[in-house]
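Let me begin by presenting the structure, written as structure tokens, before commenting on it.
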Amino acid sequence: MVREQYTTVTEGFHLERPESQPVYKIGIYGWRKRCLYLFVLLLLTTLILNLALTIWILKVMWFSPIGMGHLHVTADGLRLEGESEFLFPLYAKEIRSRVDSSLLLQSTQNVTVNARNSEGEVTGRVKVGAQMVEVQSQHFQVSSEAGKPLFTAEEQGIVVGTGRLRVTGPEGAIFEHSVETPLVRADPFQDLRLESPTRSLSMDAPRGVHVKARAGKMEALSQMDIILQSSDGVVVLHAETVALLQLKQGTRGPSGSSHGFYEMCVCPDGKLYLSMAGEATTCEEHSHICL
């Protein structure tokens, strides 16, 4: 580069200009100039690559004004189409599926749904694992489509709101404590069995206990005693035939004219025994059975 020199003179003044002056060149020359051009070219190439990579990411991730890919941002929240995989916990106020499809939650380990209060404490939990389904809450309720409670469980007790509770297991139902119900009935043509293997079985009702066998027989088996007790009324055995088997019998009397008839006798403690019938009562002759 050549630096131009300008000289200002006044009118009437003659300035002698030297014949030769040294000229100094300024600028970038040689290898410095080539490095500068190379740096600018490298910077321009990096800028173009970044722009192309950004456009490629936007294209691959399906970025759009309404969301990213199958994830759409709406006024009500986020809408996700198709299947999604979450590697970390998901926090949401409401999760629901489309009207024409079902909601599927799937995990290789377990699926846990927690409800927390304002302080972050867990107030309710539903955990679906490989071995069991665990529900942790103060009050658990299953309702029908109309909102009627079908099953309610809490610390005070369990309430079944349906008109009928049906147990189809071959071993029946096992209750460790008392059960309150107005009716216990077996399926048609099936036997109904109430038993207590190691304890006693008690049936209480304020207005009476009715035991009916409409198409079969009724059996009451016990290793010890079977007690029928009525505090204010009587115990009535109403049937065409009442059979008392394996009663003790007294020895044949001296008359020997009973013709195969027996007389039923009662001990003071309520024990029954048979005595050969005679012209008069023979219970006193065999009262030694009561001893």
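Starting from 1 in every chain, residues are counted up; chains themselves are A, B, ... following the order of the structure tokens, and ligands are numbered from 1 as listed.
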Those in range 83-291 of chain A with strand (DSSP E) from DSSP, as a PyMOL selection string | chain A and resi 111-116+122-128+133-136+139-143+149-154+157-160+248-249+262-266+272-276
Take the selection from the previous step and output its residues with C-alpha atoms, as a short mmCIF file (atom, residue, chain, number, x, y, z; two decimals), in the first residue's frame.
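As written to disk, again-v3.cif reads:
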data_model
loop_
_atom_site.label_atom_id
_atom_site.label_comp_id
_atom_site.auth_asym_id
_atom_site.auth_seq_id
_atom_site.Cartn_x
_atom_site.Cartn_y
_atom_site.Cartn_z
CA VAL A 111 -45.77 -49.32 38.34
CA THR A 112 -46.16 -46.96 41.30
CA VAL A 113 -48.61 -44.07 41.50
CA ASN A 114 -48.14 -41.66 44.45
CA ALA A 115 -50.33 -38.84 45.71
CA ARG A 116 -48.61 -36.14 47.76
CA VAL A 122 -47.11 -39.38 50.34
CA THR A 123 -50.82 -39.58 51.26
CA GLY A 124 -51.80 -42.41 48.90
CA ARG A 125 -49.97 -45.04 46.89
CA VAL A 126 -50.88 -47.69 44.34
CA LYS A 127 -48.09 -50.15 43.53
CA VAL A 128 -48.50 -52.84 40.89
CA VAL A 133 -50.94 -55.13 43.97
CA GLU A 134 -50.45 -52.91 47.01
CA VAL A 135 -52.70 -49.97 47.90
CA GLN A 136 -51.68 -47.67 50.73
CA HIS A 139 -59.63 -44.95 52.69
CA PHE A 140 -59.97 -47.32 49.70
CA GLN A 141 -63.19 -47.41 47.71
CA VAL A 142 -64.37 -49.08 44.51
CA SER A 143 -67.44 -47.47 42.93
CA PRO A 149 -69.82 -47.64 46.44
CA LEU A 150 -69.23 -51.33 45.72
CA PHE A 151 -66.33 -52.01 48.07
CA THR A 152 -64.94 -49.84 50.85
CA ALA A 153 -61.96 -50.65 53.04
CA GLU A 154 -60.59 -48.60 55.91
CA GLY A 157 -63.76 -52.15 58.75
CA ILE A 158 -64.66 -53.35 55.27
CA VAL A 159 -68.02 -52.67 53.64
CA VAL A 160 -69.36 -54.51 50.58
CA LYS A 248 -78.78 -95.79 76.10
CA GLN A 249 -81.31 -98.51 76.88
CA TYR A 262 -89.77 -98.45 74.77
CA GLU A 263 -90.32 -95.55 77.05
CA MET A 264 -88.20 -92.37 76.79
CA CYS A 265 -86.90 -91.15 80.12
CA VAL A 266 -85.19 -87.92 81.07
CA LEU A 272 -82.28 -89.04 77.60
CA TYR A 273 -82.40 -92.83 77.73
CA LEU A 274 -84.78 -95.61 76.75
CA SER A 275 -86.48 -98.02 79.07
CA MET A 276 -88.57 -101.09 78.21
#
Polymer residues at most 12 Å from Met218 in chain A, only C-alpha atoms, same-chain spacing of 4 or more positions, as a PyMOL selection string | chain A and resi 191-194+211-214
Restricting it to N, CA, C and O atoms, dump the selection as a PDB file, in the first residue's frame.
ATOM      1  N   ASP A 191     -73.709 -77.541  48.345  1.00  0.00           N
ATOM      2  CA  ASP A 191     -73.815 -77.627  49.795  1.00  0.00           C
ATOM      3  C   ASP A 191     -73.267 -76.361  50.440  1.00  0.00           C
ATOM      4  O   ASP A 191     -72.311 -75.759  49.952  1.00  0.00           O
ATOM      5  N   LEU A 192     -73.884 -75.995  51.553  1.00  0.00           N
ATOM      6  CA  LEU A 192     -73.419 -74.871  52.357  1.00  0.00           C
ATOM      7  C   LEU A 192     -72.830 -75.422  53.645  1.00  0.00           C
ATOM      8  O   LEU A 192     -73.496 -76.160  54.370  1.00  0.00           O
ATOM      9  N   ARG A 193     -71.580 -75.044  53.912  1.00  0.00           N
ATOM     10  CA  ARG A 193     -70.894 -75.560  55.094  1.00  0.00           C
ATOM     11  C   ARG A 193     -70.336 -74.387  55.902  1.00  0.00           C
ATOM     12  O   ARG A 193     -69.613 -73.550  55.373  1.00  0.00           O
ATOM     13  N   LEU A 194     -70.692 -74.374  57.174  1.00  0.00           N
ATOM     14  CA  LEU A 194     -70.147 -73.414  58.126  1.00  0.00           C
ATOM     15  C   LEU A 194     -69.402 -74.207  59.187  1.00  0.00           C
ATOM     16  O   LEU A 194     -70.007 -75.022  59.891  1.00  0.00           O
ATOM     17  N   VAL A 211     -82.351 -71.396  59.710  1.00  0.00           N
ATOM     18  CA  VAL A 211     -81.513 -72.310  58.947  1.00  0.00           C
ATOM     19  C   VAL A 211     -82.448 -73.191  58.129  1.00  0.00           C
ATOM     20  O   VAL A 211     -83.275 -73.920  58.691  1.00  0.00           O
ATOM     21  N   LYS A 212     -82.329 -73.123  56.801  1.00  0.00           N
ATOM     22  CA  LYS A 212     -83.247 -73.841  55.927  1.00  0.00           C
ATOM     23  C   LYS A 212     -82.454 -74.651  54.904  1.00  0.00           C
ATOM     24  O   LYS A 212     -81.444 -74.185  54.376  1.00  0.00           O
ATOM     25  N   ALA A 213     -82.926 -75.851  54.659  1.00  0.00           N
ATOM     26  CA  ALA A 213     -82.411 -76.703  53.587  1.00  0.00           C
ATOM     27  C   ALA A 213     -83.606 -77.109  52.744  1.00  0.00           C
ATOM     28  O   ALA A 213     -84.345 -78.037  53.096  1.00  0.00           O
ATOM     29  N   ARG A 214     -83.824 -76.440  51.631  1.00  0.00           N
ATOM     30  CA  ARG A 214     -85.050 -76.633  50.853  1.00  0.00           C
ATOM     31  C   ARG A 214     -85.034 -77.929  50.047  1.00  0.00           C
ATOM     32  O   ARG A 214     -86.103 -78.490  49.781  1.00  0.00           O
TER      33      ARG A 214
END
Tell me, in Å to one decimal, how far CA of Ile55 in chain A is from CA of Gly82 in chain A.
-> 24.7 Å
What separation in Å, quoted to one decimal, exists between CA of His72 in chain A and CA of Leu103 in chain A?
-> 17.7 Å
Nearest-residue call for Pro197 in chain A, choices A:Leu247, A:Leu49, A:Leu183, A:Leu221, using only C-alpha atoms = A:Leu221
Within 12 Å of Gly208 in chain A, counting only C-alpha atoms, which residues show up once you throw out same-chain ones fewer than 4 positions away? Write them as number ranges by chain, please.
-> A: 182, 203-204, 230, 233
Output file for the residues above (N, CA, C and O atoms, as a compact mmCIF listing (two decimals), in the first residue's frame):
# COMPACT_ATOMS: atom_id res chain seq x y z
N PRO A 182 -76.91 -60.38 56.55
CA PRO A 182 -78.28 -60.85 56.75
C PRO A 182 -78.55 -62.22 56.16
O PRO A 182 -79.55 -62.86 56.51
N MET A 203 -73.76 -68.27 66.00
CA MET A 203 -74.64 -67.50 65.13
C MET A 203 -75.64 -66.76 66.00
O MET A 203 -76.44 -67.39 66.71
N ASP A 204 -75.61 -65.44 65.96
CA ASP A 204 -76.45 -64.60 66.80
C ASP A 204 -77.24 -63.64 65.91
O ASP A 204 -76.73 -63.16 64.89
N SER A 230 -82.77 -71.70 74.49
CA SER A 230 -83.68 -70.58 74.31
C SER A 230 -83.96 -70.00 75.68
O SER A 230 -84.45 -70.70 76.58
N GLY A 233 -88.06 -68.71 75.32
CA GLY A 233 -89.03 -69.52 74.60
C GLY A 233 -88.75 -70.99 74.76
O GLY A 233 -88.18 -71.45 75.76
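CA of Gln131 in chain A is positioned 18.9 Å from CA of Leu104 in chain A.
Minimum atom-to-atom distances from A:Ile289, A:Lys93, A:Gly69, A:Leu43 to Ile57 in chain A were compared using only C-alpha atoms, and the lowest value belongs to A:Gly69.
Closest approach to Ala186 in chain A among A:Val73, A:Ala205, A:Leu44, A:Leu165 is made by A:Leu165 (distances from only C-alpha atoms).
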Once DSSP has gone over the backbone, tell me which residues of range 35-237 of chain A are in helix (DSSP H, G or I), as a ChimeraX atom specification.
-> /A:35-60
